[in-house]
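Okay, structure first, notes after.
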Amino acid sequence: MWLTRFSRLNSVALEGHAAGYGSTSSESAVLGALLLGGPVLNPSDLTKLVVQSPGGLTKTLRRLEDAGHIRRRPDPADRRALLVVLTEKGRRAAERADVELDSYYDDLLTEVSASERAELTLLLRKVLDRLEVATGMTRSTWPPPRS
């Protein structure tokens, strides 16, 4: 039960935190995925990375496109498909969201030592690996290492 409660409370807190800098948690997740894994991704990859339904992702992409953070362009390998491209404005917004997210988790984990954080990361990675298998998503290396 506590994992479910943590997940739900964290989602609510992340949404409130994102609203504080004029975004939504879904928009921040997409921008972050494009910043760290892009800057060009197809919507199918984005859906898996941000764990959002295709319909929800379409709405998020529309808002980000209207704000000038992304643009969609035809996929040269498949003219029927579109690619999502992070714009310069979007890159700046993604970097700001990344700093905000780091700040959020630093504040949340303020009473957790560095060694406890490392252990927590390792344990949650194991749980995430199992969840990815259980949901049919491939084992990820997300997020990629920061340089």
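Starting from 1 in every chain, residues are counted up; chains themselves are A, B, ... following the order of the structure tokens, and ligands are numbered from 1 as listed.
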
Discussion item. Residues within 9 Å of Val30 of chain A, please, as JSON, numbers by chain. Count only C-alpha atoms; anything in the same chain fewer than 2 positions from it doesn't count.
Written reply: {"A": [25, 26, 27, 28, 32, 33, 34, 35, 46, 47, 49, 50, 57, 60, 61, 64, 94]}

Serialized selection, C-alpha atoms, as a PDB file, in the first residue's frame:
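Listing of out.pdb after writing:
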ATOM      1  CA  SER A  25       4.264  17.268 -15.036  1.00  0.00           C
ATOM      2  CA  SER A  26       3.431  15.701 -18.425  1.00  0.00           C
ATOM      3  CA  GLU A  27       4.920  18.634 -20.317  1.00  0.00           C
ATOM      4  CA  SER A  28       8.026  18.561 -18.135  1.00  0.00           C
ATOM      5  CA  GLY A  32      12.983  16.087 -20.214  1.00  0.00           C
ATOM      6  CA  ALA A  33      12.787  13.008 -22.437  1.00  0.00           C
ATOM      7  CA  LEU A  34      13.629  15.120 -25.475  1.00  0.00           C
ATOM      8  CA  LEU A  35      16.448  16.906 -23.643  1.00  0.00           C
ATOM      9  CA  LEU A  46       8.020   9.224 -26.050  1.00  0.00           C
ATOM     10  CA  THR A  47       4.922   7.322 -24.914  1.00  0.00           C
ATOM     11  CA  LEU A  49       9.633   7.064 -21.845  1.00  0.00           C
ATOM     12  CA  VAL A  50       7.096   9.335 -20.167  1.00  0.00           C
ATOM     13  CA  LEU A  57       0.666  12.408 -25.226  1.00  0.00           C
ATOM     14  CA  THR A  60       0.642  17.266 -24.295  1.00  0.00           C
ATOM     15  CA  LEU A  61       2.445  17.586 -27.632  1.00  0.00           C
ATOM     16  CA  LEU A  64       4.049  22.111 -26.221  1.00  0.00           C
ATOM     17  CA  ALA A  94      13.493  21.588 -20.465  1.00  0.00           C
TER      18      ALA A  94
END

Near Asp98 of chain A, within 10 Å and counting only C-alpha atoms, which residues show up once chain neighbours fewer than 5 positions away are dropped, as a PDB file with N, CA and C atoms, in the first residue's frame?
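Resulting contents of result36.pdb:
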ATOM      1  N   SER A  28       6.647  18.637 -18.619  1.00  0.00           N
ATOM      2  CA  SER A  28       8.026  18.561 -18.135  1.00  0.00           C
ATOM      3  C   SER A  28       8.651  17.215 -18.462  1.00  0.00           C
ATOM      4  N   ALA A  29       7.864  16.135 -18.355  1.00  0.00           N
ATOM      5  CA  ALA A  29       8.384  14.802 -18.660  1.00  0.00           C
ATOM      6  C   ALA A  29       8.749  14.687 -20.138  1.00  0.00           C
ATOM      7  N   LEU A  31       9.476  17.197 -22.234  1.00  0.00           N
ATOM      8  CA  LEU A  31      10.645  18.053 -22.482  1.00  0.00           C
ATOM      9  C   LEU A  31      11.910  17.392 -21.959  1.00  0.00           C
ATOM     10  N   GLY A  32      11.823  16.776 -20.777  1.00  0.00           N
ATOM     11  CA  GLY A  32      12.983  16.087 -20.214  1.00  0.00           C
ATOM     12  C   GLY A  32      13.417  14.910 -21.064  1.00  0.00           C
ATOM     13  N   LEU A  35      15.157  16.328 -24.024  1.00  0.00           N
ATOM     14  CA  LEU A  35      16.448  16.906 -23.643  1.00  0.00           C
ATOM     15  C   LEU A  35      17.481  15.805 -23.427  1.00  0.00           C
ATOM     16  N   LEU A  36      17.099  14.766 -22.695  1.00  0.00           N
ATOM     17  CA  LEU A  36      18.050  13.716 -22.330  1.00  0.00           C
ATOM     18  C   LEU A  36      18.169  12.615 -23.384  1.00  0.00           C
ATOM     19  N   ARG A  92      15.478  25.334 -23.557  1.00  0.00           N
ATOM     20  CA  ARG A  92      15.608  26.197 -22.374  1.00  0.00           C
ATOM     21  C   ARG A  92      14.562  25.832 -21.321  1.00  0.00           C
ATOM     22  N   ALA A  93      13.327  25.584 -21.762  1.00  0.00           N
ATOM     23  CA  ALA A  93      12.263  25.186 -20.832  1.00  0.00           C
ATOM     24  C   ALA A  93      12.578  23.832 -20.199  1.00  0.00           C
ATOM     25  N   SER A 103      15.611  20.157  -7.814  1.00  0.00           N
ATOM     26  CA  SER A 103      15.331  20.896  -6.581  1.00  0.00           C
ATOM     27  C   SER A 103      14.202  20.233  -5.789  1.00  0.00           C
ATOM     28  N   TYR A 104      13.159  19.812  -6.493  1.00  0.00           N
ATOM     29  CA  TYR A 104      12.031  19.135  -5.848  1.00  0.00           C
ATOM     30  C   TYR A 104      12.504  17.894  -5.108  1.00  0.00           C
TER      31      TYR A 104
END

Worksheet item: Distance atom CA of Gly16 of chain A-atom CA of Gly90 of chain A, one decimal place?
Response: 20.4 Å

Fill in: Separation of atom CA of Arg71 of chain A from atom CA of Val84 of chain A, in Å and rounded to one decimal
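We find that atom CA of Arg71 of chain A and atom CA of Val84 of chain A lie 6.0 Å from each other.
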
Worksheet item: Quick one, how far is atom CA of Pro74 of chain A from atom CA of Asn42 of chain A?
Response: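 Going from atom CA of Pro74 of chain A over to atom CA of Asn42 of chain A covers 10.0 Å.
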
Worksheet item: Please, which residues of chain A, numbered as in this document, come out strand (DSSP E or B) from DSSP, as number ranges by chain?
Response: A: 40-41, 70-75, 78-86
